[in-house]
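S.K.: What follows is the file data.txt, containing compact mmCIF, C-alpha atoms and all ligand atoms:
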```
# COMPACT_ATOMS: atom_id res chain seq x y z
CA MET T 1 180.85 23.15 182.35
CA ASN T 2 183.85 25.10 181.17
CA ILE T 3 183.54 25.85 177.47
CA LYS T 4 186.72 27.65 176.58
CA PRO T 5 187.05 29.91 173.55
CA ALA T 6 189.89 29.22 171.12
CA ASP T 7 193.45 30.14 172.11
CA ARG T 8 193.59 32.64 169.25
CA LEU T 9 191.29 34.97 171.19
CA ALA T 10 194.14 35.68 173.56
CA GLN T 11 196.05 37.27 170.67
CA PHE T 12 193.82 40.34 170.29
CA SER T 13 190.96 42.12 172.05
CA GLU T 14 187.49 43.30 171.06
CA TYR T 15 187.73 46.07 168.44
CA TYR T 16 188.28 49.38 170.29
CA PHE T 17 185.22 51.08 168.81
CA SER T 18 182.99 48.08 169.50
CA ALA T 19 183.59 48.47 173.24
CA LYS T 20 184.01 52.26 173.40
CA LEU T 21 180.87 53.08 171.42
CA ARG T 22 178.90 50.81 173.77
CA ALA T 23 180.16 52.93 176.67
CA ILE T 24 179.30 56.14 174.78
CA ARG T 25 175.76 54.86 174.11
CA GLU T 26 175.36 54.25 177.85
CA LEU T 27 176.42 57.83 178.61
CA ILE T 28 173.90 59.09 176.04
CA ALA T 29 171.17 56.92 177.65
CA GLN T 30 172.02 58.63 180.97
CA GLY T 31 171.20 61.96 179.32
CA ARG T 32 174.67 63.24 178.36
CA PRO T 33 174.48 65.27 175.07
CA ILE T 34 177.49 63.53 173.56
CA VAL T 35 178.65 64.40 170.07
CA ASN T 36 180.43 61.42 168.59
CA LEU T 37 183.33 62.50 166.38
CA GLY T 38 185.08 59.17 166.83
CA ILE T 39 184.26 57.00 163.88
CA GLY T 40 184.38 57.46 160.11
CA SER T 41 180.81 56.52 159.29
CA PRO T 42 179.49 58.98 156.68
CA ASP T 43 176.43 60.85 157.93
CA GLN T 44 175.33 62.10 154.50
CA MET T 45 172.84 60.26 152.31
CA PRO T 46 173.76 58.15 149.32
CA HIS T 47 172.58 59.59 145.99
CA ALA T 48 168.76 59.46 145.64
CA GLY T 49 169.10 57.40 142.45
CA VAL T 50 171.01 54.73 144.38
CA ILE T 51 168.28 54.41 147.00
CA GLY T 52 165.66 54.44 144.22
CA ALA T 53 167.42 51.55 142.47
CA LEU T 54 167.47 49.55 145.71
CA GLN T 55 163.75 50.14 146.32
CA GLU T 56 162.74 49.38 142.78
CA THR T 57 164.76 46.23 142.32
CA ALA T 58 163.74 44.86 145.74
CA GLN T 59 160.20 44.59 144.30
CA SER T 60 161.30 42.24 141.59
CA GLY T 61 160.55 38.53 141.86
CA ASP T 62 164.01 37.48 140.69
CA SER T 63 165.91 39.50 143.30
CA HIS T 64 165.72 37.24 146.29
CA GLY T 65 167.59 34.07 145.49
CA TYR T 66 171.28 33.27 145.98
CA GLN T 67 173.51 35.35 143.76
CA PRO T 68 176.74 34.41 141.94
CA TYR T 69 179.75 34.14 144.27
CA GLN T 70 181.72 36.47 142.01
CA GLY T 71 178.92 39.02 141.90
CA LEU T 72 176.75 40.04 138.97
CA PRO T 73 178.88 40.36 135.83
CA ALA T 74 177.37 43.84 135.40
CA LEU T 75 178.80 44.88 138.78
CA GLY T 76 182.30 43.74 137.79
CA ASP T 77 181.95 45.69 134.53
CA ALA T 78 180.74 48.80 136.38
CA ILE T 79 183.73 48.60 138.75
CA ARG T 80 186.18 48.27 135.84
CA GLU T 81 184.55 51.19 133.99
CA PHE T 82 184.67 53.22 137.20
CA TYR T 83 188.42 52.58 137.43
CA ALA T 84 188.89 53.84 133.87
CA ARG T 85 187.01 57.07 134.62
CA ALA T 86 188.10 57.74 138.17
CA TYR T 87 191.71 56.50 138.22
CA GLN T 88 192.42 56.59 134.47
CA VAL T 89 193.57 53.01 134.57
CA HIS T 90 192.49 50.13 132.36
CA VAL T 91 191.71 47.03 134.35
CA GLU T 92 189.68 45.01 131.83
CA ASP T 93 192.10 42.13 132.37
CA LYS T 94 191.69 42.13 136.17
CA ALA T 95 189.43 39.91 138.25
CA VAL T 96 187.00 41.67 140.58
CA LEU T 97 185.61 39.93 143.64
CA PRO T 98 182.74 41.81 145.34
CA LEU T 99 183.04 41.83 149.13
CA LEU T 100 181.28 43.17 152.19
CA GLY T 101 183.64 46.16 152.31
CA SER T 102 187.41 46.44 152.40
CA LYS T 103 187.41 45.12 155.96
CA GLU T 104 186.17 41.73 154.88
CA GLY T 105 188.87 41.67 152.22
CA ILE T 106 191.56 41.98 154.88
CA MET T 107 190.35 38.77 156.50
CA HIS T 108 189.80 36.83 153.27
CA THR T 109 193.13 37.82 151.77
CA SER T 110 194.91 36.86 154.98
CA LEU T 111 193.11 33.50 155.14
CA ALA T 112 193.96 32.89 151.51
CA TYR T 113 197.68 33.69 151.75
CA LEU T 114 199.00 33.30 155.28
CA ASN T 115 200.24 30.21 157.08
CA PRO T 116 200.92 30.21 160.82
CA GLY T 117 204.38 31.64 161.38
CA ASP T 118 204.40 33.81 158.23
CA GLN T 119 205.25 37.45 158.75
CA VAL T 120 203.17 40.42 157.63
CA LEU T 121 204.56 43.92 157.15
CA ILE T 122 202.18 46.49 158.60
CA PRO T 123 202.61 50.28 158.85
CA ALA T 124 203.41 51.17 162.46
CA LEU T 125 200.55 53.67 162.28
CA GLY T 126 197.42 52.39 160.56
CA TYR T 127 194.12 50.56 160.55
CA PRO T 128 194.10 48.15 163.54
CA THR T 129 192.42 45.36 161.57
CA TYR T 130 195.68 44.55 159.71
CA THR T 131 197.18 43.49 163.04
CA SER T 132 194.20 41.69 164.54
CA VAL T 133 193.50 39.67 161.40
CA THR T 134 197.18 38.74 161.08
CA ARG T 135 197.02 37.41 164.63
CA ILE T 136 193.70 35.61 164.06
CA VAL T 137 195.30 33.54 161.30
CA GLY T 138 198.37 32.77 163.41
CA ALA T 139 200.80 34.96 161.47
CA GLU T 140 203.16 37.53 162.95
CA PRO T 141 202.85 41.31 162.49
CA VAL T 142 206.12 43.14 161.75
CA TYR T 143 205.74 46.90 161.90
CA PHE T 144 207.60 49.28 159.59
CA PRO T 145 208.04 52.83 160.85
CA LEU T 146 206.32 55.82 159.28
CA MET T 147 208.29 58.99 159.97
CA GLU T 148 206.27 61.59 161.83
CA THR T 149 208.59 64.42 160.85
CA SER T 150 208.45 63.55 157.13
CA ASP T 151 204.68 63.57 156.72
CA TRP T 152 204.52 59.91 157.79
CA ALA T 153 206.63 58.66 154.88
CA PRO T 154 207.80 55.04 155.21
CA ASP T 155 211.26 54.47 156.63
CA TRP T 156 212.86 52.96 153.53
CA GLU T 157 216.14 52.39 155.28
CA PHE T 158 214.33 50.08 157.72
CA LEU T 159 212.48 48.31 154.93
CA GLU T 160 215.49 47.85 152.66
CA GLN T 161 217.54 46.30 155.45
CA LEU T 162 214.80 44.01 156.73
CA ASP T 163 215.13 40.25 156.33
CA CYS T 164 211.94 39.54 154.37
CA SER T 165 212.43 35.80 153.97
CA LYS T 166 209.33 35.08 156.09
CA VAL T 167 207.27 38.08 154.94
CA LYS T 168 204.26 37.09 152.86
CA ILE T 169 202.06 40.23 152.79
CA LEU T 170 202.77 43.98 152.90
CA TRP T 171 199.78 46.19 153.82
CA ILE T 172 199.64 49.76 152.58
CA ASN T 173 196.79 52.28 152.62
CA TYR T 174 196.76 55.62 150.74
CA PRO T 175 195.37 58.15 151.38
CA HIS T 176 196.62 56.98 154.71
CA MET T 177 194.30 56.58 157.65
CA PRO T 178 194.66 58.15 160.21
CA SER T 179 197.28 60.71 159.11
CA GLY T 180 195.59 61.77 155.85
CA THR T 181 198.90 61.50 153.95
CA ARG T 182 198.54 61.05 150.19
CA ALA T 183 200.70 58.84 148.01
CA ASP T 184 202.09 59.91 144.67
CA LYS T 185 202.88 57.51 141.87
CA ALA T 186 206.57 57.44 142.78
CA LEU T 187 205.77 56.20 146.28
CA LEU T 188 203.41 53.48 145.05
CA THR T 189 206.00 52.47 142.45
CA ARG T 190 208.62 52.08 145.16
CA TYR T 191 206.31 49.79 147.14
CA VAL T 192 205.59 47.72 144.03
CA ASP T 193 209.33 47.41 143.27
CA PHE T 194 209.98 46.43 146.88
CA ALA T 195 207.27 43.73 146.81
CA ARG T 196 208.38 42.41 143.41
CA SER T 197 212.01 42.13 144.40
CA ARG T 198 211.12 40.17 147.54
CA ASN T 199 208.20 38.09 146.24
CA ILE T 200 205.69 39.63 148.66
CA LEU T 201 201.95 40.10 148.11
CA LEU T 202 201.32 43.86 148.18
CA CYS T 203 197.83 44.67 149.46
CA HIS T 204 196.67 48.21 148.87
CA ASP T 205 193.67 49.14 151.01
CA ASN T 206 192.18 52.09 149.14
CA PRO T 207 188.82 53.21 150.57
CA TYR T 208 189.64 56.94 150.96
CA SER T 209 190.87 57.94 147.51
CA PHE T 210 187.97 60.24 146.63
CA ILE T 211 187.70 62.20 149.88
CA LEU T 212 189.56 65.54 149.86
CA ASN T 213 191.97 64.17 147.30
CA ASP T 214 192.32 65.74 143.86
CA SER T 215 194.49 62.99 142.39
CA PRO T 216 192.99 59.57 143.20
CA LEU T 217 195.43 56.73 142.61
CA SER T 218 194.97 53.00 142.32
CA ILE T 219 197.88 50.63 142.81
CA PHE T 220 197.20 49.58 139.21
CA ASN T 221 198.33 53.02 138.04
CA VAL T 222 201.78 51.50 138.58
CA GLU T 223 203.03 49.41 135.69
CA GLY T 224 203.74 45.81 136.68
CA ALA T 225 201.70 46.05 139.90
CA GLU T 226 199.39 43.22 138.80
CA GLU T 227 202.22 40.73 139.28
CA VAL T 228 202.19 41.26 143.05
CA ALA T 229 199.24 43.44 144.07
CA ILE T 230 195.68 43.11 145.25
CA GLU T 231 193.66 46.27 145.77
CA LEU T 232 190.75 46.52 148.21
CA ASN T 233 188.23 49.28 147.68
CA SER T 234 184.67 50.08 148.70
CA LEU T 235 181.64 52.33 148.37
CA SER T 236 181.61 53.00 152.13
CA LYS T 237 183.28 56.39 152.16
CA SER T 238 183.13 57.43 148.48
CA PHE T 239 179.37 57.02 148.15
CA ASN T 240 178.14 57.36 151.77
CA MET T 241 177.26 53.66 151.83
CA ALA T 242 179.24 52.31 154.81
CA GLY T 243 176.30 50.35 156.20
CA TRP T 244 175.48 48.74 152.86
CA ARG T 245 178.66 46.70 152.94
CA VAL T 246 179.77 46.87 149.33
CA GLY T 247 183.42 46.59 148.42
CA TRP T 248 185.72 44.51 146.27
CA ALA T 249 189.13 42.97 145.83
CA MET T 250 190.79 43.47 142.46
CA GLY T 251 193.85 41.85 140.97
CA SER T 252 195.07 39.36 138.44
CA GLU T 253 192.96 36.22 138.07
CA LYS T 254 195.81 34.24 139.62
CA LEU T 255 196.01 36.37 142.78
CA ILE T 256 192.24 36.73 143.28
CA GLN T 257 191.37 33.05 142.80
CA PRO T 258 192.60 31.96 146.30
CA VAL T 259 190.56 34.79 147.86
CA LEU T 260 187.47 33.55 146.01
CA GLN T 261 188.19 30.04 147.23
CA ILE T 262 187.95 31.30 150.83
CA LYS T 263 185.03 33.68 150.29
CA SER T 264 182.87 31.15 148.44
CA ASN T 265 183.15 28.78 151.39
CA MET T 266 182.22 31.47 153.91
CA ASP T 267 179.21 33.19 152.36
CA SER T 268 177.26 33.67 149.16
CA GLY T 269 176.87 36.53 146.71
CA MET T 270 175.38 39.77 148.06
CA PHE T 271 171.69 40.75 147.76
CA LYS T 272 170.98 41.52 144.11
CA PRO T 273 169.27 44.92 144.71
CA VAL T 274 172.36 46.03 146.65
CA GLN T 275 174.53 45.09 143.69
CA LEU T 276 172.23 46.87 141.23
CA ALA T 277 172.15 49.98 143.42
CA ALA T 278 175.96 49.82 143.69
CA ILE T 279 176.15 49.92 139.88
CA GLU T 280 173.98 53.06 139.97
CA ALA T 281 176.46 54.65 142.42
CA LEU T 282 179.50 53.69 140.35
CA ASN T 283 177.92 55.30 137.28
CA LEU T 284 177.44 58.70 138.96
CA ASP T 285 179.33 61.51 137.26
CA ARG T 286 182.02 63.77 138.72
CA SER T 287 179.51 66.18 140.22
CA TRP T 288 178.81 63.57 142.93
CA PHE T 289 182.38 63.84 144.22
CA ASP T 290 182.38 67.64 143.78
CA GLY T 291 179.33 67.89 146.06
CA LEU T 292 180.75 65.44 148.58
CA ASN T 293 184.09 67.20 148.78
CA ASP T 294 182.51 70.60 148.99
CA GLN T 295 180.93 69.41 152.26
CA TYR T 296 184.10 67.79 153.57
CA ARG T 297 186.16 70.89 152.76
CA LYS T 298 183.85 73.10 154.82
CA ARG T 299 183.84 70.59 157.64
CA GLN T 300 187.61 70.29 157.58
CA LEU T 301 187.96 74.05 158.10
CA VAL T 302 185.79 73.87 161.24
CA GLY T 303 187.78 70.78 162.32
CA PHE T 304 191.01 72.81 162.00
CA ARG T 305 189.48 75.63 164.08
CA ILE T 306 188.51 73.12 166.77
CA MET T 307 192.10 71.83 166.83
CA ASP T 308 193.42 75.41 167.05
CA LEU T 309 191.15 76.01 170.03
CA LEU T 310 192.48 72.85 171.68
CA ASN T 311 196.09 73.87 170.94
CA CYS T 312 196.62 70.74 168.86
CA GLN T 313 199.12 70.69 165.98
CA TYR T 314 198.08 69.37 162.59
CA SER T 315 198.97 69.40 158.91
CA ASP T 316 196.51 71.45 156.85
CA HIS T 317 196.85 69.28 153.74
CA GLN T 318 195.24 66.05 154.94
CA ALA T 319 193.13 63.83 152.66
CA GLY T 320 190.31 61.61 153.91
CA MET T 321 187.54 62.25 156.37
CA PHE T 322 189.46 62.99 159.57
CA VAL T 323 191.60 65.63 161.20
CA TRP T 324 194.68 64.02 162.72
CA ALA T 325 196.35 66.22 165.31
CA LYS T 326 198.91 66.13 168.09
CA ALA T 327 197.58 66.71 171.61
CA PRO T 328 199.25 69.59 173.50
CA ASN T 329 200.21 67.42 176.48
CA GLY T 330 201.56 64.57 174.32
CA ASP T 331 199.01 62.09 175.72
CA GLY T 332 196.21 61.57 173.21
CA GLU T 333 194.28 59.08 175.33
CA ALA T 334 194.13 61.32 178.41
CA PHE T 335 193.28 64.30 176.21
CA VAL T 336 190.36 62.44 174.58
CA GLU T 337 188.99 61.53 178.02
CA GLU T 338 189.37 65.13 179.20
CA ILE T 339 187.49 66.43 176.14
CA LEU T 340 184.74 63.85 176.72
CA ASP T 341 184.38 64.88 180.38
CA ARG T 342 184.52 68.61 179.83
CA TYR T 343 182.63 69.08 176.57
CA ASP T 344 180.71 65.84 175.96
CA VAL T 345 182.59 65.37 172.69
CA PHE T 346 184.16 62.06 171.76
CA MET T 347 187.18 61.77 169.45
CA ALA T 348 189.39 58.76 168.76
CA PRO T 349 192.70 58.49 170.65
CA GLY T 350 195.67 57.95 168.34
CA PHE T 351 197.11 54.96 170.21
CA ILE T 352 194.49 52.65 168.72
CA PHE T 353 196.27 53.06 165.37
CA GLY T 354 199.62 52.05 166.86
CA GLU T 355 202.20 53.24 169.39
CA ALA T 356 203.36 55.90 166.93
CA GLY T 357 199.97 57.58 167.37
CA ARG T 358 200.03 57.76 171.15
CA SER T 359 200.30 61.54 171.35
CA TYR T 360 197.61 62.13 168.72
CA ILE T 361 193.84 62.42 168.48
CA ARG T 362 191.58 61.93 165.45
CA LEU T 363 188.45 63.95 164.78
CA SER T 364 185.92 62.55 162.32
CA LEU T 365 184.40 64.87 159.72
CA CYS T 366 181.30 62.68 159.50
CA ALA T 367 179.22 65.38 161.18
CA SER T 368 177.47 68.41 159.71
CA VAL T 369 179.08 71.86 159.69
CA GLU T 370 176.36 72.93 162.16
CA LEU T 371 177.24 70.13 164.59
CA LEU T 372 180.95 70.86 164.28
CA GLU T 373 180.22 74.55 164.93
CA GLU T 374 178.29 73.49 168.03
CA VAL T 375 181.33 71.55 169.21
CA TYR T 376 183.48 74.63 168.55
CA ASN T 377 181.08 76.80 170.53
CA ARG T 378 180.99 74.36 173.45
CA MET T 379 184.75 74.42 173.59
CA SER T 380 185.09 78.17 173.29
C1 LIG T 401 192.02 52.09 156.37
C2 LIG T 401 190.68 51.45 156.34
N1 LIG T 401 190.52 50.32 155.65
C3 LIG T 401 189.35 49.68 155.60
C4 LIG T 401 188.25 50.18 156.27
C5 LIG T 401 186.98 49.38 156.19
O1 LIG T 401 186.09 49.99 155.35
P1 LIG T 401 184.94 49.17 154.63
O2 LIG T 401 185.00 47.76 155.08
O3 LIG T 401 183.68 49.84 155.04
O4 LIG T 401 185.24 49.30 153.17
C6 LIG T 401 188.35 51.34 157.02
C7 LIG T 401 187.17 51.83 157.76
O5 LIG T 401 187.17 52.71 158.54
C8 LIG T 401 189.61 51.99 157.07
O6 LIG T 401 189.77 53.12 157.76
```
Would you mind giving the structure from this file in structure tokens?

M.R.:
Amino acid sequence: MNIKPADRLAQFSEYYFSAKLRAIRELIAQGRPIVNLGIGSPDQMPHAGVIGALQETAQSGDSHGYQPYQGLPALGDAIREFYARAYQVHVEDKAVLPLLGSKEGIMHTSLAYLNPGDQVLIPALGYPTYTSVTRIVGAEPVYFPLMETSDWAPDWEFLEQLDCSKVKILWINYPHMPSGTRADKALLTRYVDFARSRNILLCHDNPYSFILNDSPLSIFNVEGAEEVAIELNSLSKSFNMAGWRVGWAMGSEKLIQPVLQIKSNMDSGMFKPVQLAAIEALNLDRSWFDGLNDQYRKRQLVGFRIMDLLNCQYSDHQAGMFVWAKAPNGDGEAFVEEILDRYDVFMAPGFIFGEAGRSYIRLSLCASVELLEEVYNRMS
């Protein structure tokens, strides 16, 4: 017997964290006191009211059947109302498709829009899933540079001169992971203009907008964006609900319909109590984000002190839940291994986000101030 997997598997490897965290778990099982500062999985609890809503509604007899493919209408309404409050943008006319997080949206959008041979513009430093999914569907990643010395701004000269005749999708993500760079409206407007002038689907992956970021922006804050843009968003980071798998794609009816066509053939609507609890989260007032950011701000300060101790260089105005810093020896991967060996602390090496990140490391702030202080003390 020789049952061969599909050829497409040769185009990408197992997700870095899937393999690396398995290795870390083995080290922990051997008794090593490893602190994992690798991944952005919020350690804090969701709001008590959200958990209460899940518990309560799970008791109900009408909670357990298949749910509408497009989600409960009340969830779509809650998402639109959340956009009005949180981003000051009116999206009543937009379609909302609930998803199992932004990550799922990357796959569904790619399946819905890409043919083999199409090209996809991807930031040269960014979330690795844009590349792997592009390859899974047989399309070709084309990387556009982000300029390290200009706070990772896109290289517009490169973009303006590029032959985009085969480009179908442009991925952007602000606040940017892993660098923590924020966008302003002018930058998003330039991306929208670029996509409109070249007939490209602009996909804005927006899961970090409420973490250490005073001015959250949606792509729909830009006038005319609905002609070309889909936005992915989720409750994973904003509401400490990464494991719940609640997200959505938003856009004009015309752009979302093909994504629904894919999604409705792949799975069914999400568990009703999860949707009802998600509504509870979306209805929380500002004090939720104030409390969340108060924690992240304190953590970030300890993260900066850790980087100072390690002689790493970093920008002190990063948004999001990481500290992105340049390793002193210019080799992030070797530095991460050295830190793991010497201090039993794991951080993510920058190369996994693209070649441009090779000399960097990324520390996750999804750990308590006390734990981060412990890491600091181990290192000092
Ligand atoms: C840039 C970016 N996009 C999307 C995701 C996926 O998030 P989720 O699927 O939980 O919404 C992540 C997760 O780390 C991310 O960093």

S.K.: What residues have any atom no more than 7 Å from ligand LIG 401 (chain T) when counting all atoms listed in the file, and can you list them as a PyMOL selection string?

M.R.: chain T and resi 40+100-104+126-127+173+176-177+205-207+233-236+242+245+247

S.K.: Between T:Ala95, T:Gly303, T:Ser13, T:Ser218, which residue has the minimum interatomic distance to Gly251 of chain T, considering only C-alpha atoms?

M.R.: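 Among the listed residues, the smallest separation from Gly251 of chain T belongs to T:Ala95.
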
S.K.: What separation in Å, quoted to one decimal, exists between atom CA of Tyr314 of chain T and atom CA of Ala186 of chain T?

M.R.: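 According to the coordinates, atom CA of Tyr314 of chain T and atom CA of Ala186 of chain T are separated by 24.6 Å.
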
S.K.: With a distance cut-off of 12 Å and only C-alpha atoms, select the neighbouring residues of Gly65 of chain T, excluding the residue or stretch itself and same-chain residues fewer than 5 positions from it, and output the selection as a ChimeraX atom specification.

M.R.: /T:58,60,268-273

S.K.: Kindly save the residues from that selection, with C-alpha atoms included, as an mmCIF file, in the frame of the given file.

M.R.:
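Listing of selection00.cif after writing:
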```cif
data_model
loop_
_atom_site.group_PDB
_atom_site.id
_atom_site.type_symbol
_atom_site.label_atom_id
_atom_site.label_comp_id
_atom_site.auth_asym_id
_atom_site.auth_seq_id
_atom_site.Cartn_x
_atom_site.Cartn_y
_atom_site.Cartn_z
ATOM 1 C CA ALA T 58 163.740 44.860 145.740
ATOM 2 C CA SER T 60 161.300 42.240 141.590
ATOM 3 C CA SER T 268 177.260 33.670 149.160
ATOM 4 C CA GLY T 269 176.870 36.530 146.710
ATOM 5 C CA MET T 270 175.380 39.770 148.060
ATOM 6 C CA PHE T 271 171.690 40.750 147.760
ATOM 7 C CA LYS T 272 170.980 41.520 144.110
ATOM 8 C CA PRO T 273 169.270 44.920 144.710
#
```

S.K.: Which residues are near segment 15-32 of chain T? Cut-off 12 Å, all atoms listed in the file, ignore same chain within fewer than 4 positions. Put them as a list of chain:residue names.

M.R.: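 My reading of the contact set: T:Leu9, T:Asn36, T:Leu37, T:Gly38, T:Ile39, T:Gly40, T:Ser41, T:Tyr127, T:Pro128, T:Thr129, T:Tyr130, T:Thr131, T:Ser132, T:Val133, T:Glu337, T:Leu340, T:Asp341, T:Arg342, T:Tyr343, T:Asp344, T:Val345, T:Phe346, T:Met347, T:Ala348, T:Pro349, T:Gly350, T:Phe351, T:Ile352, T:Phe353.
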
S.K.: Quick one: everything within 12 Å of segment 107-114 of chain T, counting all atoms listed in the file, minus sequence neighbours fewer than 4 positions away in the same chain. Send it as JSON, numbers by chain.

M.R.: {"T": [97, 98, 99, 100, 101, 102, 103, 118, 119, 120, 129, 130, 131, 132, 133, 134, 135, 136, 137, 138, 139, 140, 141, 166, 167, 168, 169, 170, 171, 200, 201, 202, 203, 204, 205, 229, 230, 231, 232, 248, 249, 250, 251, 255, 256, 257, 258, 259, 260, 261, 262, 263, 264, 265, 266, 267]}

S.K.: What does the distance between atom CA of Ser359 of chain T and atom CA of Pro178 of chain T come to in Å, to one decimal place?

M.R.: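 Pair atom CA of Ser359 of chain T / atom CA of Pro178 of chain T returns 12.9 Å.
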
S.K.: Could you tell me which of T:Glu226, T:Asp331, T:Asp93, T:Glu338 comes closest to Glu81 of chain T if we count all atoms listed in the file?

M.R.: T:Asp93

S.K.: Out of T:Ser252, T:Asn377, T:Thr181, T:Gln44, which residue has the shortest atom-to-atom distance to Glu92 of chain T when counting all atoms listed in the file?

M.R.: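 Closest residue, counting all atoms listed in the file: T:Ser252.
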
S.K.: Would you pick out the contacts of Arg297 of chain T at 7 Å or less, using all atoms listed in the file, so that residues sharing its chain but fewer than 4 positions from it are not included, and give the list as a ChimeraX atom specification?

M.R.: /T:212,293,301

S.K.: Hey, which of T:Ala53, T:Ala10, T:Cys366, T:Leu371 ends up closest to Pro33 of chain T? Count all atoms listed in the file.

M.R.: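 When distances to Pro33 of chain T are compared using all atoms listed in the file, the smallest one comes from T:Leu371.
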
S.K.: Between T:Arg196, T:Arg8, T:Lys94, T:Arg286, which one has atoms that come closest to Phe239 of chain T, using only C-alpha atoms?

M.R.: T:Arg286

S.K.: For Ile279 of chain T, which residue out of T:Asp193, T:Asp77, T:Glu148, T:Asp62 is the nearest one, using only C-alpha atoms?

M.R.: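 Between T:Asp193, T:Asp77, T:Glu148, T:Asp62, the residue approaching Ile279 of chain T most closely is T:Asp77.
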
S.K.: So that all listed atoms of segment 265-278 of chain T fit with 6 Å spare on each side, what axis-aligned box centre and edge lengths in Å, to one decimal, would you give as lines of an AutoDock Vina configuration file?

M.R.:
```
center_x = 176.2
center_y = 39.4
center_z = 147.6
size_x = 25.9
size_y = 33.2
size_z = 24.7
```

S.K.: What is the atom CA of Gln300 of chain T to atom CA of Ile339 of chain T distance in Å?

M.R.: 19.0 Å

S.K.: Pull the closest atom pair for each residue of segment 246-327 of chain T that gets at most 12 Å from segment 213-217 of chain T, along with the distance in Å to one decimal, counting all atoms listed in the file, ordering rows by chain and then ascending residue number, as JSON lines.

M.R.:
```
{"residue": "T:Arg286", "atom": "CA", "partner": "T:Asp214", "partner_atom": "CA", "distance": 11.7}
{"residue": "T:Phe289", "atom": "CA", "partner": "T:Asn213", "partner_atom": "CA", "distance": 10.1}
{"residue": "T:Asp290", "atom": "CA", "partner": "T:Asp214", "partner_atom": "CA", "distance": 10.1}
{"residue": "T:Leu292", "atom": "CA", "partner": "T:Asn213", "partner_atom": "CA", "distance": 11.4}
{"residue": "T:Asn293", "atom": "CA", "partner": "T:Asn213", "partner_atom": "CA", "distance": 8.6}
{"residue": "T:Asp294", "atom": "CA", "partner": "T:Asn213", "partner_atom": "CA", "distance": 11.6}
{"residue": "T:Tyr296", "atom": "CA", "partner": "T:Asn213", "partner_atom": "CA", "distance": 10.7}
{"residue": "T:Arg297", "atom": "CA", "partner": "T:Asn213", "partner_atom": "CA", "distance": 10.4}
{"residue": "T:His317", "atom": "CA", "partner": "T:Asn213", "partner_atom": "CA", "distance": 9.6}
{"residue": "T:Gln318", "atom": "CA", "partner": "T:Asn213", "partner_atom": "CA", "distance": 8.5}
{"residue": "T:Ala319", "atom": "CA", "partner": "T:Asn213", "partner_atom": "CA", "distance": 5.5}
{"residue": "T:Gly320", "atom": "CA", "partner": "T:Asn213", "partner_atom": "CA", "distance": 7.3}
{"residue": "T:Met321", "atom": "CA", "partner": "T:Asn213", "partner_atom": "CA", "distance": 10.3}
```

S.K.: For Gly49 of chain T, work out the shell of residues within 9 Å, counting all atoms listed in the file and skipping chain neighbours fewer than 4 positions away, then give it as a list of chain:residue names.

M.R.: T:Ala53, T:Leu54, T:Ala277, T:Glu280, T:Ala281

S.K.: Write out N, CA, C and O atoms for segment 188-195 of chain T, as a PDB file, in the coordinates of the input.

M.R.:
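In the end it all went to part-v7.pdb:
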```pdb
ATOM      1  N   LEU T 188     204.035  54.785 145.322  1.00  0.00           N
ATOM      2  CA  LEU T 188     203.410  53.480 145.050  1.00  0.00           C
ATOM      3  C   LEU T 188     204.350  52.600 144.221  1.00  0.00           C
ATOM      4  O   LEU T 188     204.433  51.384 144.433  1.00  0.00           O
ATOM      5  N   THR T 189     205.063  53.229 143.283  1.00  0.00           N
ATOM      6  CA  THR T 189     206.000  52.470 142.450  1.00  0.00           C
ATOM      7  C   THR T 189     207.095  51.851 143.319  1.00  0.00           C
ATOM      8  O   THR T 189     207.490  50.692 143.116  1.00  0.00           O
ATOM      9  N   ARG T 190     207.546  52.612 144.304  1.00  0.00           N
ATOM     10  CA  ARG T 190     208.620  52.080 145.160  1.00  0.00           C
ATOM     11  C   ARG T 190     208.115  50.868 145.961  1.00  0.00           C
ATOM     12  O   ARG T 190     208.833  49.881 146.137  1.00  0.00           O
ATOM     13  N   TYR T 191     206.874  50.949 146.437  1.00  0.00           N
ATOM     14  CA  TYR T 191     206.310  49.790 147.140  1.00  0.00           C
ATOM     15  C   TYR T 191     206.196  48.580 146.202  1.00  0.00           C
ATOM     16  O   TYR T 191     206.486  47.447 146.585  1.00  0.00           O
ATOM     17  N   VAL T 192     205.738  48.833 144.977  1.00  0.00           N
ATOM     18  CA  VAL T 192     205.590  47.720 144.030  1.00  0.00           C
ATOM     19  C   VAL T 192     206.971  47.097 143.757  1.00  0.00           C
ATOM     20  O   VAL T 192     207.123  45.864 143.786  1.00  0.00           O
ATOM     21  N   ASP T 193     207.977  47.937 143.531  1.00  0.00           N
ATOM     22  CA  ASP T 193     209.330  47.410 143.270  1.00  0.00           C
ATOM     23  C   ASP T 193     209.818  46.590 144.462  1.00  0.00           C
ATOM     24  O   ASP T 193     210.423  45.530 144.301  1.00  0.00           O
ATOM     25  N   PHE T 194     209.555  47.121 145.660  1.00  0.00           N
ATOM     26  CA  PHE T 194     209.980  46.430 146.880  1.00  0.00           C
ATOM     27  C   PHE T 194     209.323  45.039 146.951  1.00  0.00           C
ATOM     28  O   PHE T 194     209.990  44.024 147.185  1.00  0.00           O
ATOM     29  N   ALA T 195     208.004  45.002 146.713  1.00  0.00           N
ATOM     30  CA  ALA T 195     207.270  43.730 146.810  1.00  0.00           C
ATOM     31  C   ALA T 195     207.725  42.755 145.720  1.00  0.00           C
ATOM     32  O   ALA T 195     207.906  41.554 145.972  1.00  0.00           O
TER      33      ALA T 195
END
```
